[in-house]
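Asks: Below is the file entry17.csv, which contains CSV, C-alpha atoms.
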chain,number,residue,atom,x,y,z
A,1,MET,CA,-13.8,-9.0,19.1
A,2,SER,CA,-11.4,-9.7,16.2
A,3,LEU,CA,-11.7,-7.8,12.9
A,4,THR,CA,-13.6,-9.8,10.2
A,5,LEU,CA,-14.0,-9.7,6.5
A,6,ALA,CA,-17.7,-8.8,7.0
A,7,GLN,CA,-16.7,-5.8,9.1
A,8,LEU,CA,-14.2,-4.7,6.5
A,9,GLN,CA,-16.8,-4.9,3.8
A,10,ARG,CA,-19.2,-2.7,6.0
A,11,ASP,CA,-16.4,-0.2,6.6
A,12,TRP,CA,-15.4,0.1,2.9
A,13,GLN,CA,-17.6,2.9,1.8
A,14,PRO,CA,-16.8,5.2,4.8
A,15,PHE,CA,-13.1,4.5,4.2
A,16,ALA,CA,-13.5,5.2,0.5
A,17,ASP,CA,-15.3,8.5,1.2
A,18,ASP,CA,-12.4,9.6,3.5
A,19,ILE,CA,-9.8,8.6,0.9
A,20,GLN,CA,-11.6,10.6,-1.8
A,21,ALA,CA,-11.8,13.6,0.5
A,22,LEU,CA,-8.0,13.4,1.2
A,23,ALA,CA,-7.3,12.9,-2.6
A,24,GLN,CA,-9.5,16.0,-3.4
A,25,SER,CA,-7.4,18.1,-0.9
A,26,LEU,CA,-4.3,17.0,-2.7
A,27,ASP,CA,-5.8,17.7,-6.2
A,28,LEU,CA,-5.5,14.0,-7.0
A,29,MET,CA,-9.1,13.2,-7.9
A,30,ASP,CA,-8.6,14.8,-11.3
A,31,THR,CA,-4.8,14.5,-12.0
A,32,ALA,CA,-4.4,10.9,-10.8
A,33,GLN,CA,-7.6,9.4,-12.2
A,34,GLY,CA,-5.5,7.5,-14.8
A,35,TRP,CA,-3.0,6.2,-12.3
A,36,HIS,CA,-3.2,2.7,-11.1
A,37,CYS,CA,-4.1,2.1,-7.5
A,38,ASP,CA,-2.1,-1.1,-7.0
A,39,HIS,CA,-3.3,-2.0,-3.5
A,40,VAL,CA,-5.2,-1.1,-0.4
A,41,ALA,CA,-3.7,-1.8,3.1
A,42,LEU,CA,-5.3,-2.7,6.4
A,43,ARG,CA,-3.9,-2.9,9.9
A,44,VAL,CA,-4.5,-5.4,12.8
A,45,ASN,CA,-3.1,-5.5,16.3
A,46,SER,CA,-3.0,-9.3,16.8
A,47,THR,CA,-1.5,-12.3,15.0
A,48,ALA,CA,-4.7,-14.2,15.6
A,49,ALA,CA,-6.7,-11.6,13.8
A,50,ALA,CA,-4.3,-11.5,10.9
A,51,GLU,CA,-4.3,-15.3,10.6
A,52,ALA,CA,-8.1,-15.4,10.6
A,53,LEU,CA,-8.3,-12.7,8.0
A,54,VAL,CA,-5.9,-14.6,5.7
A,55,GLN,CA,-8.3,-17.5,5.8
A,56,GLU,CA,-11.2,-15.3,5.0
A,57,PHE,CA,-9.5,-13.5,2.2
A,58,GLU,CA,-8.4,-16.8,0.6
A,59,ALA,CA,-12.0,-17.5,0.0
A,60,ILE,CA,-12.2,-14.4,-2.3
A,61,GLY,CA,-8.7,-14.2,-3.6
A,62,THR,CA,-5.2,-15.7,-3.7
A,63,VAL,CA,-2.1,-14.9,-1.7
A,64,ILE,CA,0.5,-13.9,-4.3
A,65,SER,CA,3.3,-12.7,-1.9
A,66,ASN,CA,4.3,-13.5,1.7
A,67,ASN,CA,7.5,-11.5,2.4
A,68,LEU,CA,9.3,-10.1,5.4
A,69,ILE,CA,9.2,-6.2,5.5
A,70,ASN,CA,11.1,-4.6,8.4
A,71,GLY,CA,11.1,-8.0,10.2
A,72,ARG,CA,7.3,-8.8,10.0
A,73,PRO,CA,5.3,-10.9,7.4
A,74,ILE,CA,3.3,-8.9,5.0
A,75,LEU,CA,0.9,-10.7,2.6
A,76,ILE,CA,-0.4,-9.5,-0.7
A,77,ILE,CA,-3.8,-11.0,-1.7
A,78,ALA,CA,-5.0,-10.7,-5.3
A,79,LEU,CA,-8.8,-10.4,-5.2
A,80,ASP,CA,-11.1,-12.3,-7.5
A,81,GLU,CA,-13.3,-9.2,-7.8
A,82,PRO,CA,-11.6,-5.8,-7.5
A,83,LEU,CA,-12.8,-3.2,-5.0
A,84,GLN,CA,-13.9,0.1,-6.4
A,85,LEU,CA,-12.9,3.4,-4.9
A,86,GLY,CA,-13.9,6.5,-6.9
A,87,PRO,CA,-12.0,6.3,-10.2
A,88,TRP,CA,-9.7,3.4,-9.0
A,89,SER,CA,-10.2,-0.3,-9.3
A,90,ILE,CA,-8.1,-2.1,-6.7
A,91,ASP,CA,-7.3,-5.7,-7.1
A,92,CYS,CA,-4.8,-6.4,-4.3
A,93,VAL,CA,-5.0,-6.1,-0.5
A,94,GLU,CA,-1.9,-5.8,1.7
A,95,LEU,CA,-2.4,-7.6,5.0
A,96,PRO,CA,0.5,-7.1,7.4
A,97,PHE,CA,1.0,-9.1,10.5
A,98,PRO,CA,1.4,-6.9,13.6
A,99,GLY,CA,4.7,-5.6,14.8
A,100,GLU,CA,5.5,-3.7,18.0
A,101,LYS,CA,3.2,-0.7,17.1
A,102,ARG,CA,-0.4,-0.8,18.3
A,103,TYR,CA,-2.9,0.9,16.0
A,104,PRO,CA,-5.7,3.0,17.6
A,105,LYS,CA,-8.1,1.5,15.0
A,106,GLU,CA,-8.0,-1.8,13.2
A,107,GLY,CA,-9.2,-2.0,9.6
A,108,TRP,CA,-8.6,-0.2,6.3
A,109,GLU,CA,-5.7,2.3,6.6
A,110,HIS,CA,-4.3,3.5,3.2
A,111,ILE,CA,-4.2,3.1,-0.5
A,112,GLU,CA,-1.1,3.2,-2.7
A,113,LEU,CA,-1.1,5.0,-6.1
A,114,VAL,CA,1.5,4.3,-8.8
A,115,PHE,CA,2.9,7.7,-9.9
A,116,PRO,CA,4.6,6.9,-13.2
A,117,CYS,CA,8.2,8.1,-13.0
A,118,LYS,CA,11.8,6.8,-12.8
A,119,ALA,CA,12.6,8.0,-9.3
A,120,ALA,CA,15.0,5.7,-7.4
A,121,ASP,CA,15.0,7.6,-4.1
A,122,CYS,CA,12.7,9.9,-2.1
A,123,ASP,CA,14.4,13.1,-3.2
A,124,ALA,CA,14.0,12.2,-6.9
A,125,LEU,CA,10.4,11.2,-6.2
A,126,GLU,CA,9.7,14.6,-4.6
A,127,ALA,CA,11.3,16.4,-7.5
A,128,ALA,CA,9.2,14.4,-10.0
A,129,LEU,CA,6.1,15.3,-8.1
A,130,GLU,CA,7.0,18.9,-8.0
A,131,GLN,CA,7.3,19.0,-11.8
A,132,ALA,CA,4.1,16.9,-12.5
A,133,LEU,CA,1.8,17.9,-9.6
A,134,PRO,CA,2.5,21.4,-8.3
A,135,THR,CA,-0.4,21.2,-5.8
A,136,VAL,CA,1.0,18.1,-4.2
A,137,ALA,CA,4.5,19.7,-4.1
A,138,LYS,CA,3.1,22.7,-2.4
A,139,ARG,CA,1.6,20.5,0.3
A,140,ILE,CA,4.9,18.8,0.9
A,141,LYS,CA,6.5,22.2,1.5
A,142,ALA,CA,3.6,23.6,3.6
A,143,PRO,CA,1.7,20.5,4.8
A,144,GLY,CA,-0.6,22.3,7.2
A,145,THR,CA,-2.6,19.6,9.1
A,146,LEU,CA,-1.3,16.8,6.9
A,147,ARG,CA,1.4,14.4,8.0
A,148,ILE,CA,3.9,13.6,5.3
A,149,LYS,CA,6.4,10.8,5.5
A,150,ALA,CA,9.1,9.7,3.0
A,151,SER,CA,10.3,6.1,3.2
A,152,SER,CA,12.0,3.3,1.1
A,153,PRO,CA,10.5,0.0,2.4
A,154,GLN,CA,12.3,-3.0,1.2
A,155,GLY,CA,11.6,-6.7,1.6
A,156,GLU,CA,14.2,-9.4,2.2
A,157,HIS,CA,14.4,-10.4,-1.5
A,158,GLU,CA,13.4,-7.1,-3.1
A,159,ARG,CA,15.5,-5.6,-5.8
A,160,LEU,CA,13.4,-2.8,-7.3
A,161,ALA,CA,13.8,0.5,-5.6
A,162,ASN,CA,10.4,1.9,-4.7
A,163,PRO,CA,10.6,5.2,-2.8
A,164,THR,CA,7.3,6.3,-1.2
A,165,LEU,CA,5.7,9.5,-0.1
A,166,ALA,CA,2.8,9.1,2.3
A,167,PHE,CA,0.1,11.8,3.0
A,168,SER,CA,-2.0,11.3,6.1
A,169,ASP,CA,-4.8,13.2,7.8
A,170,ASP,CA,-6.4,12.2,11.0
A,171,LYS,CA,-8.4,9.4,9.3
A,172,VAL,CA,-6.6,7.8,6.3
A,173,CYS,CA,-3.5,7.8,4.2
A,174,ILE,CA,-2.6,7.9,0.5
A,175,LYS,CA,0.9,6.7,-0.6
A,176,LEU,CA,2.6,7.5,-3.9
A,177,HIS,CA,5.4,5.4,-5.4
A,178,PRO,CA,6.8,4.7,-8.9
A,179,HIS,CA,6.3,0.9,-9.1
A,180,GLY,CA,3.2,-1.2,-8.6
A,181,ILE,CA,3.0,-4.1,-6.1
A,182,ARG,CA,3.1,-6.8,-8.8
A,183,ASP,CA,6.3,-5.4,-10.2
A,184,ILE,CA,7.8,-5.5,-6.7
A,185,ILE,CA,6.7,-9.1,-6.3
A,186,ALA,CA,8.3,-9.9,-9.7
A,187,SER,CA,11.6,-8.3,-8.4
A,188,GLU,CA,11.4,-10.5,-5.3
A,189,ASN,CA,10.9,-13.6,-7.3
A,190,ALA,CA,13.8,-12.7,-9.6
A,191,SER,CA,16.0,-12.2,-6.5
A,192,VAL,CA,15.1,-15.6,-5.2
A,193,VAL,CA,15.8,-17.3,-8.5
A,194,ALA,CA,19.2,-15.5,-8.8
A,195,SER,CA,20.1,-16.5,-5.2
A,196,VAL,CA,19.2,-20.1,-5.8
A,197,SER,CA,21.2,-20.1,-9.0
A,198,ALA,CA,24.2,-18.5,-7.3
A,199,ASN,CA,24.1,-21.1,-4.5
A,200,LYS,CA,24.1,-24.0,-6.9
A,201,LYS,CA,27.1,-22.6,-8.8
A,202,ALA,CA,28.9,-22.1,-5.5
A,203,ALA,CA,28.2,-25.6,-4.2
A,204,PRO,CA,31.1,-28.0,-4.4
Output the file's structure as C-alpha cells, nothing else.

Replies:
Amino acid sequence: MSLTLAQLQRDWQPFADDIQALAQSLDLMDTAQGWHCDHVALRVNSTAAAEALVQEFEAIGTVISNNLINGRPILIIALDEPLQLGPWSIDCVELPFPGEKRYPKEGWEHIELVFPCKAADCDALEAALEQALPTVAKRIKAPGTLRIKASSPQGEHERLANPTLAFSDDKVCIKLHPHGIRDIIASENASVVASVSANKKAAP
C-alpha cells in the first residue's frame, strides 16, 4: 500500500515527539527555539508513491522548487497551513523522488534547522557550532549512539553554499545548516537567470 497524505497526518505527532526527544538530547529545545525550521523531509521508495503524494500535497500547498539533487528530483512544497512541531512552525515539505537507496520505513524522516552563521563549508559550520552550542559540539566529538554526518548537498543550479550537519538516532534525524530552503531556491533561480542571460549574449 502506497504512503498517503492521510497516513502522514496520522504519523505527524509520533514523529514530532521523536524529533523533540532528539532535540532535547542535543540541548536544542532551549537554545534553538528562536531558529527557523525551514522544512521537514519525508522518504518514499517508489516513483509512483512520490507522484501520488505530489498530487495530494498540491491540494494543500504549492510546489516552489523541482530541482535535481545528486541526480534525482527533489520537490519543495510550500504549505498553505504550517505544521507545528514543538516551538517550530514548519511551512515547507521536502519530497524527494527515490534513488537507488531503499528506506526501511517510508514517511517523515527529518527536520532542518537554520543555524544563523556564515559557514561556507562543514569545517566552518562545526567550528561555529562549537562556539555557539558547546553541548552539540561535545556530541560531535563523542557521539555515543548518535550517527553524525557532514555533507554539502548541491542542486544543478544552486549557487549558495549550504554545509549541513545531520544528527540521527534510530528513529529520526535533525539537520543544521546556515541557509534556509527559500534562500537556496532563490540562489537556484538567480543561477538560471544568469545562465539564460549568458547564453543570449553568447548566441551569434

Asks: May I have a table of the residues of region 40-66 of chain A lying at most 10 Å from region 72-79 of chain A, giving each one's closest pair of atoms and their distance in Å to one decimal, counting all atoms listed in the file, ordered by chain and ascending residue number, as CSV?

Replies:
residue,atom,partner,partner_atom,distance
A:Val40,CA,A:Ile76,CA,9.7
A:Ala41,CA,A:Ile76,CA,9.2
A:Ala50,CA,A:Leu75,CA,9.8
A:Val54,CA,A:Leu75,CA,8.4
A:Phe57,CA,A:Ile77,CA,7.3
A:Glu58,CA,A:Ile77,CA,7.8
A:Ala59,CA,A:Leu79,CA,9.4
A:Ile60,CA,A:Leu79,CA,6.0
A:Gly61,CA,A:Leu79,CA,4.1
A:Thr62,CA,A:Ala78,CA,5.3
A:Val63,CA,A:Ile77,CA,4.3
A:Ile64,CA,A:Ile76,CA,5.8
A:Ser65,CA,A:Ile76,CA,5.0
A:Asn66,CA,A:Leu75,CA,4.5

Asks: Contacts of Pro163 (chain A) at 10 Å or less, counting all atoms listed in the file, minus same-chain residues fewer than 5 places along, as number ranges by chain?

Replies: A: 119-126, 150-154, 176-179

Asks: Just the residues within 8 Å of Asp27 (chain A), please, counting all atoms listed in the file, with nothing from its chain fewer than 3 positions along; format it as a ChimeraX atom specification.

Replies: /A:23-24,30-31,135-136

Asks: If we count all atoms listed in the file, what is near region 14-21 of chain A at a cut-off of 9 Å, once residues fewer than 5 positions away on the same chain are taken out, given as a list in words?

Replies: Leu26, Leu28, Met29, Gln84, Leu85, Gly86, Trp108, Glu109, His110, Ile111, Lys171, Val172, Cys173 and Ile174 of chain A

Asks: Between CA of Glu94 (chain A) and CA of Leu129 (chain A), what is the distance in Å, rounded to a tenth?

Replies: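 Straight-line distance from CA of Glu94 (chain A) to CA of Leu129 (chain A) works out to 24.6 Å.
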
Asks: Rounded to one decimal, what separation in Å do you get between CA of Phe167 (chain A) and CA of Arg182 (chain A)?

Replies: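 Separation between CA of Phe167 (chain A) and CA of Arg182 (chain A): 22.2 Å.
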
Asks: A:Ser89, A:Gln55, A:Thr145, A:Asn162: which is nearest Phe115 (chain A), counting only C-alpha atoms?

Replies: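 Ranking A:Ser89, A:Gln55, A:Thr145, A:Asn162 by distance to Phe115 (chain A), first place goes to A:Asn162.
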
Asks: If I take CA of Thr47 (chain A) and CA of Gly71 (chain A), how far is one from the other in Å, to one decimal?

Replies: 14.2 Å

Asks: Can you list, as a PyMOL selection string, every protein, DNA or RNA residue that comes within 10 Å of Ala49 (chain A) when you count all atoms listed in the file, leaving out same-chain residues fewer than 5 positions away?

Replies: chain A and resi 1-4+43-44+54+97-98+106

Asks: Could you check the closest approach to Gly99 (chain A) for each of A:Ala137, A:Ile148, A:Leu68, A:Ile184 and tell me which residue wins, using all atoms listed in the file?

Replies: A:Leu68

Asks: Would you mind listing what lies within 9 Å of Ile181 (chain A) as a PyMOL selection string, with only C-alpha atoms counted and same-chain residues fewer than 6 positions away left out?

Replies: chain A and resi 38-39+76+92+114
